[in-house]
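These notes concern the structure reproduced below.
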Amino acid sequence: KSLMLFTRQLEVLLDATIPYDKAFQLIIPQTEDHSFQSIISEIRGRLLEGESLANSMEKHPEAFPAMYISMVRSGENGGNLGMIMRTAEAADCKGLFLTRGSVELFNPKVVRATMGAIFRLPVFPLQNGPDLLTEMHEHNIPIIAAHVDGQSFHDLQPQNAVALLLGNEAFGIDSDLLTFADQTVTIPMANPVESLNIAIASGILLYKLHEHRTV
């Protein structure tokens, strides 16, 4: 519960355009629990690492030709996010970004559903979606968005690094983020089925991407 409260407080401060460092300084003094403070400090390091991911690309370019990234927007179900993380790790996804408004990373349902992946897969929560996707374009990472009107995922032929953009299960990807997509893909379904669970859909797409990396 403390972690969930912490992430809510942090999101409110970031939405108010308060810098990361200042936001953590405002939150940490509110608790005298030293073990919890140490957890917050570790989270702080991960969040700040997420901010400097572009620098990591420049310092370690050899790691990125074989890398793709999965990103979840406005996920409302902790179990879904946990399953996405578990599958992403299995499909050799190198990182996952959560934009602000997504389900809280340390929600107990998320943690349980990851089956340990949360401790191994690099996850960067509370990201500014447009800024993140702009950075990806600046580093020549194509963005593939899951969308009902996209081309069949069977036609996917990604080269090198790629970002997979996933949206809210009920409402899809926000329009402001969809404009960044270089390509949209869909999973054909037999009538009368109109949609798939987002965790199932992400697994299909992640393994399609993985297939091209291992050929």
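Labeling convention for the structure tokens: chains A, B, ... as they appear, residues from 1 per chain, ligands from 1 in order of appearance.
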
Kindly provide the residues of region 105-148 of chain A that approach region 81-97 of chain A to within 8 Å, each paired with its closest atom pair and their distance in Å to one decimal, based on only C-alpha atoms, listed by chain and increasing number, as JSON lines.
```
{"residue": "A:Lys109", "atom": "CA", "partner": "A:Gly82", "partner_atom": "CA", "distance": 7.3}
{"residue": "A:Val110", "atom": "CA", "partner": "A:Gly82", "partner_atom": "CA", "distance": 4.3}
{"residue": "A:Val111", "atom": "CA", "partner": "A:Gly82", "partner_atom": "CA", "distance": 6.3}
{"residue": "A:Arg112", "atom": "CA", "partner": "A:Gly82", "partner_atom": "CA", "distance": 7.1}
{"residue": "A:Ala113", "atom": "CA", "partner": "A:Gly82", "partner_atom": "CA", "distance": 4.4}
{"residue": "A:Thr114", "atom": "CA", "partner": "A:Gly82", "partner_atom": "CA", "distance": 4.3}
{"residue": "A:Met115", "atom": "CA", "partner": "A:Arg86", "partner_atom": "CA", "distance": 6.7}
{"residue": "A:Gly116", "atom": "CA", "partner": "A:Arg86", "partner_atom": "CA", "distance": 7.8}
{"residue": "A:Ala117", "atom": "CA", "partner": "A:Arg86", "partner_atom": "CA", "distance": 5.4}
{"residue": "A:Ile118", "atom": "CA", "partner": "A:Met85", "partner_atom": "CA", "distance": 7.1}
{"residue": "A:Leu121", "atom": "CA", "partner": "A:Glu89", "partner_atom": "CA", "distance": 6.2}
{"residue": "A:Pro122", "atom": "CA", "partner": "A:Gly95", "partner_atom": "CA", "distance": 4.9}
{"residue": "A:Val123", "atom": "CA", "partner": "A:Leu96", "partner_atom": "CA", "distance": 4.8}
{"residue": "A:Phe124", "atom": "CA", "partner": "A:Phe97", "partner_atom": "CA", "distance": 4.8}
{"residue": "A:Pro125", "atom": "CA", "partner": "A:Phe97", "partner_atom": "CA", "distance": 5.8}
{"residue": "A:Gln127", "atom": "CA", "partner": "A:Phe97", "partner_atom": "CA", "distance": 6.9}
```

What does the structure give for the distance between CA of Ala145 (chain A) and CA of Thr184 (chain A), in Å to one decimal? 4.7 Å

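Across A:Pro158, A:Gly172, A:Leu166, A:Ala181, the tightest approach to Met136 (chain A) is made by A:Ala181 when counting only C-alpha atoms.
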
Between CA of Thr186 (chain A) and CA of Pro142 (chain A), what distance in Å does the model show, to one decimal? 16.6 Å

Give me every strand (DSSP E or B) residue in region 133-194 of chain A, going by DSSP on the backbone, as a PyMOL selection string. chain A and resi 143-152+162-166+168+172+183-186

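The neighbours of Glu169 (chain A) here are the residues that come within 8 Å of it, using only C-alpha atoms and leaving out any residue fewer than 2 positions away in the same chain; they are Gly75, Gly167, Phe171, Gly172, Asn197 and Ile198 of chain A.
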
List every residue of region 112-201 of chain A that DSSP, applied to the backbone of this structure, assigns to alpha helix (DSSP H), and report them as a list in words. Arg112, Ala113, Thr114, Gly129, Pro130, Asp131, Leu132, Leu133, Thr134, Glu135, Met136, His137, Glu138, Ser175, Asp176, Leu177, Leu178, Ile198, Ala199, Ile200 and Ala201 of chain A

Given the selection you just returned, output its residues as a file containing C-alpha atoms, formatted as a compact mmCIF listing (two decimals), in the first residue's frame.
```txt
# COMPACT_ATOMS: atom_id res chain seq x y z
CA ARG A 112 1.93 -11.43 -8.79
CA ALA A 113 1.17 -11.77 -12.49
CA THR A 114 4.77 -11.05 -13.54
CA GLY A 129 4.34 9.62 -23.94
CA PRO A 130 4.94 12.24 -26.68
CA ASP A 131 8.43 13.01 -25.38
CA LEU A 132 9.36 9.33 -25.25
CA LEU A 133 8.11 8.58 -28.76
CA THR A 134 9.88 11.67 -30.08
CA GLU A 135 13.14 10.35 -28.59
CA MET A 136 12.58 7.00 -30.26
CA HIS A 137 12.19 8.67 -33.64
CA GLU A 138 15.32 10.73 -33.01
CA SER A 175 -4.81 9.79 -30.65
CA ASP A 176 -1.91 12.04 -29.62
CA LEU A 177 0.34 8.96 -29.40
CA LEU A 178 -1.02 7.17 -32.45
CA ILE A 198 -4.50 -6.96 -24.44
CA ALA A 199 -2.14 -9.41 -22.74
CA ILE A 200 -2.96 -12.09 -25.32
CA ALA A 201 -2.62 -9.65 -28.21
```

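You can rank A:Leu196, A:Ile173, A:Ala190, A:Leu156 by their closest distance to Lys208 (chain A) using only C-alpha atoms, and at the top of that list sits A:Leu156.
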
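With CA of Ile187 (chain A) on one side and CA of Asp174 (chain A) on the other, the separation reads 19.0 Å.
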